[in-house]
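Single-structure report; data block below.
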Amino acid sequence: MLLTLSIFLTIFIILYLTEKRRFLNVVALGLIGIYIVRAFIIHYPLLLPNDQGIISEMGIFIILGSFPSIMFILSIAMFFNSKVLLEKEGRKFRNLMLAILGLSFVIMMLWYVFVIFIEIENVFWHILFFYAFLIFGYTMFLYTSVLAYSILYLLTPIRYKPNYIIALGSGLIGDRVPPLLASRLDEAVKQYIKYEMKPYIIVSGGQGNDEKVSEAYAMKQYLIEVHHIPTDKIIMEDCSANTEQNMIFSKQIMDHHSHGENYRSIFVTNNFHVFRASIYARKAALDAEGIGSKTAFYYVPNAFTREFIGLLAMYKWTHVTVFLIITLFVGLLLRAYV
């Protein structure tokens, strides 16, 4: 068992060291986590048999009861977080993402209690719950894996000196820099000072329909007025409309500004956004690792959930294929038993 785990860890380390910015690493880390949990259960079984080798009633109660209890606690926490977010950030649909996830937890919990604890003899309901549980379990596996890997990515130190620091835009309030964007710019300045004020700071972001100026212009003014950064150390990229374009257009600027010489860069965004932004950097062939700025704690769970949905959308055909395979498998079960 230790040999198998060593092989899994070696494969993951090789994947991580060769390229940190890919979704495959997330899946590999998640599979290692499942293997460790499985090994722990085998060595320290929760279901203890009695003298006749029959699983104890207490063990069954613990296992069957723990699932809905955990789901209930998590759903309450999600609803509470969404309530706080709505109060602080306004009544917007995007602030309900975690509440929607919590609702799915409640539905699964009630369905679980209905199927397991109420004696339902119709096998159709059991298979249908099994199907929903597989879809839900796959989604939660990815959610947990992305969370674990994002934290690992954030904690990994950058071991090179960048020539450019890209500060990613995130929307303005009219022509003002809001707190979320200010945290990115403050972190960019910290990195600028850390590297002896040698890198150029690229402020990246175009002008939205509800914005009076481009994000890049407002960000530049913030750096000059608040942090007194010299104007010749700030480069504006004011055409991008999303993170992918942030990376593509910033790379074009750096390619031109460096006059063909080799350069390295880092990008700064909020901590919940770093991993997905790093994948966009890789897609743009941009040699850049990410730095996360601090974000208000109440904001992170909902924002990370939106990031997770964004990651699913980036690899939607892979996940659609998995869902189709699960559906086909369950369809064969229904054909065999119903």
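By order in the structure tokens, chains are A, B, ...; within a chain, residues start at 1; ligands start at 1, following the order shown.
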Go through stretch 239-284 of chain A residue by residue and, counting only C-alpha atoms, keep those with an atom at most 12 Å from stretch 194-202 of chain A; for each kept residue give the shortest atom pair and its distance in Å to one decimal, ordered by chain and increasing number, as JSON lines.
{"residue": "A:Asn246", "atom": "CA", "partner": "A:Ile202", "partner_atom": "CA", "distance": 10.0}
{"residue": "A:Met247", "atom": "CA", "partner": "A:Ile202", "partner_atom": "CA", "distance": 10.7}
{"residue": "A:Phe249", "atom": "CA", "partner": "A:Ile202", "partner_atom": "CA", "distance": 10.5}
{"residue": "A:Ser250", "atom": "CA", "partner": "A:Ile202", "partner_atom": "CA", "distance": 7.3}
{"residue": "A:Lys251", "atom": "CA", "partner": "A:Ile202", "partner_atom": "CA", "distance": 10.1}
{"residue": "A:Gln252", "atom": "CA", "partner": "A:Ile202", "partner_atom": "CA", "distance": 11.6}
{"residue": "A:Ile253", "atom": "CA", "partner": "A:Ile202", "partner_atom": "CA", "distance": 8.9}
{"residue": "A:Met254", "atom": "CA", "partner": "A:Ile202", "partner_atom": "CA", "distance": 8.9}
{"residue": "A:His257", "atom": "CA", "partner": "A:Tyr200", "partner_atom": "CA", "distance": 10.2}
{"residue": "A:Ser258", "atom": "CA", "partner": "A:Tyr200", "partner_atom": "CA", "distance": 10.8}
{"residue": "A:Tyr263", "atom": "CA", "partner": "A:Pro199", "partner_atom": "CA", "distance": 10.3}
{"residue": "A:Arg264", "atom": "CA", "partner": "A:Pro199", "partner_atom": "CA", "distance": 9.7}
{"residue": "A:Ser265", "atom": "CA", "partner": "A:Pro199", "partner_atom": "CA", "distance": 8.6}
{"residue": "A:Ile266", "atom": "CA", "partner": "A:Ile201", "partner_atom": "CA", "distance": 9.8}
{"residue": "A:Phe267", "atom": "CA", "partner": "A:Ile202", "partner_atom": "CA", "distance": 9.0}
{"residue": "A:Val268", "atom": "CA", "partner": "A:Ile202", "partner_atom": "CA", "distance": 10.1}
Test item: residues at most 6 Å from stretch 270-287 of chain A, only C-alpha atoms, excluding those fewer than 4 positions along its chain, as a PDB file with N, CA and C atoms, in the first residue's frame:
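Contents of the output file out.pdb:
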ATOM      1  N   ARG A  21       0.276  24.813 -13.688  1.00  0.00           N
ATOM      2  CA  ARG A  21      -0.942  25.485 -14.134  1.00  0.00           C
ATOM      3  C   ARG A  21      -1.775  24.606 -15.068  1.00  0.00           C
ATOM      4  N   SER A 150      -5.769  24.691  -5.077  1.00  0.00           N
ATOM      5  CA  SER A 150      -5.635  26.155  -5.108  1.00  0.00           C
ATOM      6  C   SER A 150      -4.834  26.654  -3.912  1.00  0.00           C
ATOM      7  N   GLU A 244      -8.865  36.056 -19.621  1.00  0.00           N
ATOM      8  CA  GLU A 244      -8.138  35.490 -20.757  1.00  0.00           C
ATOM      9  C   GLU A 244      -7.508  36.593 -21.597  1.00  0.00           C
ATOM     10  N   MET A 247      -4.419  38.283 -20.006  1.00  0.00           N
ATOM     11  CA  MET A 247      -3.164  37.558 -20.213  1.00  0.00           C
ATOM     12  C   MET A 247      -2.640  37.727 -21.644  1.00  0.00           C
ATOM     13  N   ILE A 248      -3.525  37.606 -22.612  1.00  0.00           N
ATOM     14  CA  ILE A 248      -3.115  37.690 -24.024  1.00  0.00           C
ATOM     15  C   ILE A 248      -2.566  39.076 -24.346  1.00  0.00           C
ATOM     16  N   GLY A 292      -1.618  35.891  -4.803  1.00  0.00           N
ATOM     17  CA  GLY A 292      -2.969  36.197  -4.339  1.00  0.00           C
ATOM     18  C   GLY A 292      -2.985  37.340  -3.336  1.00  0.00           C
ATOM     19  N   SER A 293      -3.896  38.271  -3.543  1.00  0.00           N
ATOM     20  CA  SER A 293      -4.071  39.352  -2.574  1.00  0.00           C
ATOM     21  C   SER A 293      -5.138  38.954  -1.559  1.00  0.00           C
ATOM     22  N   PHE A 304     -15.162  31.761  -4.512  1.00  0.00           N
ATOM     23  CA  PHE A 304     -14.483  30.536  -4.934  1.00  0.00           C
ATOM     24  C   PHE A 304     -15.458  29.607  -5.655  1.00  0.00           C
TER      25      PHE A 304
END
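Separating atom CA of A:Ser204 from atom CA of A:Asn163 is a distance of 15.9 Å.
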- [ ] Give the alpha helix (DSSP H) residues of stretch 112-265 of chain A, as DSSP finds them on the backbone, and put them as an MDAnalysis selection string.
- [x] chainID A and resid 112:116 123:155 179:194 215:227 243:257
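Comparing A:Phe105, A:Tyr337, A:Tyr192, A:Phe114 by their smallest distance to A:His227, the closest is A:Tyr192 (using only C-alpha atoms).
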Task: Residues within 12 Å of A:Ile13, only C-alpha atoms, excluding chain neighbours under 3 positions, as a ChimeraX atom specification - done: /A:6-10,16-20,25-26,28-29,32
Open item on the list: Counting only C-alpha atoms, which residue out of A:Asp238, A:Gln245, A:Ile193, A:Met108 sits closest to A:Ile135?
Closed with: A:Met108
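Residues with any atom within 10 Å of A:Tyr35, counting only C-alpha atoms and excluding same-chain neighbours fewer than 3 positions away, are Met1, Thr4, Leu5, Phe8, Leu29, Gly30, Leu31, Ile32, Arg38, Ala39, Phe40 and Ile41 of chain A.
The nearest approach to A:Ile291 among the residues A:Ala336, A:Leu328, A:Val106, A:Ala167, with only C-alpha atoms taken into account, belongs to A:Ala167.
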TODO: Please indicate the distance in Å from atom CA of A:Ser183 to atom CA of A:Thr269, rounded to one decimal place.
DONE: 8.4 Å
Task: Coordinates-based distance that separates atom CA of A:Pro301 from atom CA of A:Leu98 (Å, one decimal) - done: 7.1 Å
Open item on the list: When DSSP is applied to the backbone of this structure, which of stretch 69-264 of chain A are assigned strand (DSSP E or B)? Write them out as an MDAnalysis selection string.
Closed with: chainID A and resid 164:168 173 176 200:204 234:237
